[in-house]
>>> print(open('final.txt').read())   # compact mmCIF, C-alpha atoms
# COMPACT_ATOMS: atom_id res chain seq x y z
CA MET A 1 15.60 1.93 -26.26
CA THR A 2 15.66 5.32 -27.92
CA PHE A 3 12.98 7.66 -26.61
CA ASP A 4 10.57 9.08 -29.17
CA PRO A 5 7.90 11.61 -28.03
CA ALA A 6 5.58 10.17 -30.71
CA THR A 7 5.31 6.95 -28.68
CA LEU A 8 3.55 8.75 -25.81
CA VAL A 9 -0.23 8.65 -25.45
CA TYR A 10 -1.84 12.06 -25.99
CA ASN A 11 -5.45 13.07 -25.37
CA ASP A 12 -7.86 14.17 -28.12
CA ALA A 13 -6.28 17.63 -28.06
CA GLY A 14 -2.81 16.12 -28.62
CA LEU A 15 -1.71 16.86 -25.05
CA ILE A 16 -0.21 14.87 -22.18
CA PRO A 17 -0.32 15.93 -18.49
CA VAL A 18 3.03 16.74 -16.90
CA ILE A 19 3.77 16.83 -13.18
CA ALA A 20 6.67 19.08 -12.15
CA GLN A 21 8.55 18.01 -9.03
CA ASP A 22 11.40 19.90 -7.35
CA ASP A 23 14.50 17.73 -7.70
CA ALA A 24 16.03 19.03 -4.47
CA THR A 25 13.02 18.81 -2.14
CA ASN A 26 10.65 16.39 -3.93
CA GLU A 27 7.88 18.96 -3.53
CA ILE A 28 5.24 18.84 -6.26
CA LEU A 29 5.28 22.27 -7.87
CA MET A 30 2.57 22.24 -10.55
CA MET A 31 0.79 20.27 -13.24
CA ALA A 32 0.57 21.47 -16.85
CA TRP A 33 0.40 20.06 -20.37
CA MET A 34 2.77 19.32 -23.24
CA ASN A 35 2.26 18.31 -26.84
CA ALA A 36 4.83 16.15 -28.64
CA GLU A 37 6.80 19.18 -29.82
CA ALA A 38 6.93 20.61 -26.28
CA VAL A 39 8.32 17.28 -25.03
CA ALA A 40 10.99 17.40 -27.75
CA ARG A 41 11.87 21.04 -27.04
CA THR A 42 12.11 20.35 -23.30
CA LEU A 43 14.60 17.55 -23.91
CA GLN A 44 16.57 19.53 -26.51
CA THR A 45 16.84 22.79 -24.58
CA GLY A 46 16.74 21.67 -20.94
CA HIS A 47 14.17 24.42 -20.29
CA VAL A 48 10.80 22.91 -19.37
CA THR A 49 8.40 23.93 -22.13
CA TYR A 50 4.66 23.40 -21.82
CA TRP A 51 1.77 24.01 -24.19
CA SER A 52 -0.50 26.77 -22.90
CA ARG A 53 -4.09 25.69 -23.53
CA SER A 54 -5.43 29.21 -22.92
CA ARG A 55 -2.89 30.99 -25.12
CA ARG A 56 -2.56 28.12 -27.60
CA ALA A 57 1.20 28.63 -27.69
CA PHE A 58 4.42 27.12 -26.39
CA TRP A 59 5.14 28.27 -22.87
CA ILE A 60 8.78 28.19 -21.82
CA LYS A 61 8.25 28.19 -18.07
CA GLY A 62 9.70 31.36 -16.54
CA GLU A 63 10.52 33.00 -19.86
CA SER A 64 8.67 36.18 -18.88
CA SER A 65 8.78 35.86 -15.05
CA GLY A 66 12.33 34.57 -14.76
CA ASN A 67 11.05 31.68 -12.63
CA ARG A 68 12.48 29.03 -14.92
CA GLN A 69 12.37 25.29 -14.61
CA GLU A 70 15.55 23.56 -15.68
CA LEU A 71 15.06 19.91 -16.52
CA VAL A 72 16.94 17.42 -14.38
CA GLU A 73 15.12 14.31 -15.61
CA LEU A 74 12.03 13.42 -17.57
CA ARG A 75 10.11 10.29 -16.57
CA VAL A 76 7.29 8.41 -18.29
CA ASP A 77 4.55 6.48 -16.50
CA CYS A 78 3.57 2.85 -17.07
CA ASP A 79 0.86 3.50 -19.64
CA ARG A 80 2.79 6.37 -21.25
CA ASP A 81 -0.03 8.89 -20.80
CA CYS A 82 1.55 11.03 -18.07
CA LEU A 83 4.99 12.60 -17.62
CA LEU A 84 6.99 13.62 -14.59
CA VAL A 85 9.66 16.29 -14.89
CA ARG A 86 12.15 16.61 -12.06
CA VAL A 87 13.37 20.20 -12.15
CA ARG A 88 15.59 22.85 -10.67
CA GLN A 89 13.08 25.63 -10.02
CA THR A 90 14.13 29.27 -9.86
CA GLY A 91 11.78 31.30 -7.66
CA PRO A 92 8.13 30.38 -7.11
CA ALA A 93 6.54 27.96 -9.58
CA CYS A 94 2.98 29.26 -9.13
CA HIS A 95 1.60 32.33 -10.89
CA THR A 96 0.30 33.44 -7.46
CA ASN A 97 3.97 33.77 -6.43
CA ARG A 98 3.83 30.74 -4.18
CA ARG A 99 6.46 28.02 -4.24
CA SER A 100 3.91 25.42 -5.36
CA CYS A 101 0.48 25.59 -6.99
CA PHE A 102 -0.79 23.05 -4.40
CA TYR A 103 -0.99 25.49 -1.53
CA THR A 104 -4.54 24.66 -0.43
CA ALA A 105 -5.29 21.64 1.76
CA VAL A 106 -8.65 20.23 2.77
CA ARG A 107 -8.66 19.62 6.53
CA ASP A 108 -11.79 18.65 8.48
CA GLY A 109 -13.89 19.67 5.49
CA ALA A 110 -12.42 23.16 5.22
CA GLU A 111 -9.88 24.73 2.88
CA VAL A 112 -6.64 25.75 4.58
CA GLU A 113 -3.87 27.81 2.96
CA LEU A 114 -0.51 26.14 3.48
CA MET A 115 1.86 28.76 2.14
CA ALA A 116 1.92 32.48 1.50
CA PRO A 117 3.17 34.24 -1.63
CA VAL A 118 6.92 34.81 -1.68
CA ALA A 119 7.87 38.43 -0.94
CA ASN A 120 9.37 40.22 -3.94
CA MET B 1 -14.00 28.04 3.87
CA THR B 2 -15.92 24.79 3.60
CA PHE B 3 -14.66 22.57 0.80
CA ASP B 4 -17.20 21.54 -1.83
CA PRO B 5 -16.12 19.15 -4.63
CA ALA B 6 -18.54 20.96 -6.97
CA THR B 7 -16.25 24.03 -6.88
CA LEU B 8 -13.44 22.13 -8.64
CA VAL B 9 -12.88 22.49 -12.38
CA TYR B 10 -13.59 19.27 -14.26
CA ASN B 11 -12.87 18.49 -17.91
CA ASP B 12 -15.55 17.79 -20.54
CA ALA B 13 -15.83 14.23 -19.23
CA GLY B 14 -16.46 15.51 -15.69
CA LEU B 15 -13.01 14.42 -14.48
CA ILE B 16 -10.09 16.06 -12.69
CA PRO B 17 -6.50 14.71 -12.72
CA VAL B 18 -5.15 13.53 -9.37
CA ILE B 19 -1.49 13.08 -8.45
CA ALA B 20 -0.79 10.55 -5.70
CA GLN B 21 2.30 11.24 -3.59
CA ASP B 22 3.66 9.01 -0.84
CA ASP B 23 3.33 10.95 2.40
CA ALA B 24 6.36 9.31 3.97
CA THR B 25 8.86 9.55 1.11
CA ASN B 26 7.38 12.29 -1.15
CA GLU B 27 7.73 9.90 -4.08
CA ILE B 28 5.16 10.43 -6.83
CA LEU B 29 3.30 7.16 -7.14
CA MET B 30 0.77 7.61 -9.95
CA MET B 31 -1.66 9.90 -11.70
CA ALA B 32 -5.32 9.01 -12.18
CA TRP B 33 -8.72 10.71 -12.41
CA MET B 34 -11.65 11.49 -10.13
CA ASN B 35 -15.13 12.82 -10.72
CA ALA B 36 -16.90 14.92 -8.08
CA GLU B 37 -18.41 11.85 -6.43
CA ALA B 38 -15.00 10.14 -6.24
CA VAL B 39 -13.58 13.23 -4.53
CA ALA B 40 -16.44 13.15 -2.00
CA ARG B 41 -16.04 9.40 -1.39
CA THR B 42 -12.28 9.76 -0.91
CA LEU B 43 -12.82 12.40 1.76
CA GLN B 44 -15.65 10.50 3.42
CA THR B 45 -13.98 7.10 3.54
CA GLY B 46 -10.27 7.92 3.69
CA HIS B 47 -9.68 5.32 0.94
CA VAL B 48 -8.48 7.01 -2.24
CA THR B 49 -11.19 6.39 -4.84
CA TYR B 50 -10.65 7.17 -8.51
CA TRP B 51 -12.89 6.99 -11.54
CA SER B 52 -11.69 4.32 -13.95
CA ARG B 53 -12.05 5.70 -17.47
CA SER B 54 -11.64 2.25 -19.07
CA ARG B 55 -14.09 0.45 -16.78
CA ARG B 56 -16.38 3.49 -16.33
CA ALA B 57 -16.69 2.71 -12.64
CA PHE B 58 -15.45 3.86 -9.26
CA TRP B 59 -12.08 2.39 -8.46
CA ILE B 60 -11.21 2.11 -4.78
CA LYS B 61 -7.47 1.85 -5.14
CA GLY B 62 -6.25 -1.53 -3.88
CA GLU B 63 -9.72 -2.96 -3.35
CA SER B 64 -8.87 -6.04 -5.39
CA SER B 65 -5.05 -6.05 -5.08
CA GLY B 66 -4.85 -5.04 -1.42
CA ASN B 67 -2.46 -2.25 -2.38
CA ARG B 68 -4.61 0.46 -0.84
CA GLN B 69 -4.01 4.15 -0.64
CA GLU B 70 -5.12 5.72 2.62
CA LEU B 71 -5.65 9.44 2.37
CA VAL B 72 -3.43 11.61 4.53
CA GLU B 73 -4.33 14.93 2.94
CA LEU B 74 -6.04 16.22 -0.19
CA ARG B 75 -4.70 19.39 -1.79
CA VAL B 76 -6.12 21.60 -4.53
CA ASP B 77 -4.07 23.59 -7.02
CA CYS B 78 -4.30 27.31 -7.73
CA ASP B 79 -6.78 27.08 -10.60
CA ARG B 80 -8.69 24.20 -8.97
CA ASP B 81 -8.26 21.88 -11.97
CA CYS B 82 -5.80 19.41 -10.44
CA LEU B 83 -5.66 17.56 -7.13
CA LEU B 84 -2.82 16.14 -5.07
CA VAL B 85 -3.46 13.32 -2.63
CA ARG B 86 -0.81 12.59 -0.05
CA VAL B 87 -1.23 8.94 0.87
CA ARG B 88 -0.07 6.00 2.93
CA GLN B 89 0.50 3.39 0.25
CA THR B 90 0.32 -0.31 1.03
CA GLY B 91 2.49 -2.33 -1.38
CA PRO B 92 3.30 -1.19 -4.91
CA ALA B 93 1.10 1.54 -6.42
CA CYS B 94 1.65 0.48 -10.04
CA HIS B 95 -0.26 -2.33 -11.74
CA THR B 96 3.13 -3.61 -12.96
CA ASN B 97 3.92 -4.30 -9.29
CA ARG B 98 6.41 -1.46 -9.09
CA ARG B 99 6.42 1.07 -6.25
CA SER B 100 5.64 3.93 -8.64
CA CYS B 101 4.19 4.16 -12.14
CA PHE B 102 7.00 6.57 -13.07
CA TYR B 103 9.71 3.93 -13.33
CA THR B 104 11.05 4.93 -16.75
CA ALA B 105 13.51 7.81 -17.16
CA VAL B 106 14.81 9.38 -20.35
CA ARG B 107 18.59 9.68 -20.13
CA ASP B 108 20.78 10.71 -23.07
CA GLY B 109 17.83 10.12 -25.38
CA ALA B 110 17.22 6.56 -24.21
CA GLU B 111 14.65 4.97 -21.92
CA VAL B 112 16.09 3.58 -18.70
CA GLU B 113 14.18 1.46 -16.19
CA LEU B 114 14.62 2.84 -12.67
CA MET B 115 12.97 0.15 -10.58
CA ALA B 116 12.03 -3.49 -10.86
CA PRO B 117 8.72 -5.09 -9.90
CA VAL B 118 8.43 -5.94 -6.22
CA ALA B 119 8.85 -9.66 -5.52
CA ASN B 120 5.67 -11.36 -4.31
>>> encode(input="final.txt", output="structure tokens")
Amino acid sequence: MTFDPATLVYNDAGLIPVIAQDDATNEILMMAWMNAEAVARTLQTGHVTYWSRSRRAFWIKGESSGNRQELVELRVDCDRDCLLVRVRQTGPACHTNRRSCFYTAVRDGAEVELMAPVAN
Amino acid sequence: MTFDPATLVYNDAGLIPVIAQDDATNEILMMAWMNAEAVARTLQTGHVTYWSRSRRAFWIKGESSGNRQELVELRVDCDRDCLLVRVRQTGPACHTNRRSCFYTAVRDGAEVELMAPVAN
């Protein structure tokens, strides 16, 4: 079946959540949002392209920082309202310069930092 | 720092997206939503508890199907508006009886099914 981004289920703002997972390590790197055009651009270009809700603009991941995400595979969930992108990540994925945005764990009721920013 | 679910960033409906990842295999199983009370219950009970948007009720994963998710660790992302739960999953996580909800890949513009339902 041919894939059409219009068949996905978007929220009231026209967006769908996207989980980015490192294709080499299976680590979850981040979660962000795409609209239908961002999904299409990601597939066309191979550069993972989100929709920035704060800037209200397309956001080619790593375009300014150099920490790009190259698409390995896009996956759709069962009810078509969430996407998974498996990626080749250059440098840290998080804007805090950490490998992953999920660097805080809750252990015994307290927040614990799991990883430090990458040295430049 | 003590963790308080009230410090998370919820959307207009009072919900935060939650990614469930298998702690043993690192496979991404599903994405669903929690409100602050569901986050608290998950931590208190160790049974991953979502908020069902369709049923407008707490949803203790696997309570009816037996396919429970036991919490191994909860993680918070950098801007505190997304959670990751690392879990021990009993049986398939997807309501279609597949191991993961992300069983459809887009390859060469076409949808490809990656895994079949688990036999009962």
>>> interface_residues(input="final.txt", of="chain B", to="chain A", cutoff="6 Å", atoms="all atoms listed in the file", output="MDAnalysis selection string")
chainID B and resid 1:3 26 74:78 101:102 104:106 109:111
>>> atom_distance(input="final.txt", atom1="CA of Gln89 (chain B)", atom2="CA of Ala40 (chain B)")
19.7 Å
>>> closest_residue(input="final.txt", among="B:Asn97, B:Asn11, B:Ser65, B:Thr90", to="Ala116 (chain B)", atoms="all atoms listed in the file")
B:Asn97
>>> atom_distance(input="final.txt", atom1="CA of Val118 (chain B)", atom2="CA of His47 (chain B)")
22.5 Å
>>> residues_around(input="final.txt", residues="Asp12 (chain A)", least_positions_apart="2", cutoff="12 Å", atoms="all atoms listed in the file", output="ChimeraX atom specification")
/A:9-10,14-16,35,81 /B:12-13
>>> atom_distance(input="final.txt", atom1="CA of Thr42 (chain A)", atom2="CA of Thr7 (chain A)")
16.0 Å
>>> closest_residue(input="final.txt", among="A:Asp22, A:Arg99, A:Trp51, A:Met115", to="Glu70 (chain A)", atoms="all atoms listed in the file")
A:Asp22
>>> axis_aligned_box(input="final.txt", around="region 26-35 of chain B", padding_each_side="5 Å", output="JSON")
{"center_x": -3.7, "center_y": 10.0, "center_z": -6.8, "size_x": 32.9, "size_y": 15.7, "size_z": 21.3}
>>> residues_around(input="final.txt", residues="Tyr50 (chain B)", least_positions_apart="6", cutoff="6 Å", atoms="all atoms listed in the file", output="PyMOL selection string")
chain B and resi 33-34+38+58-59
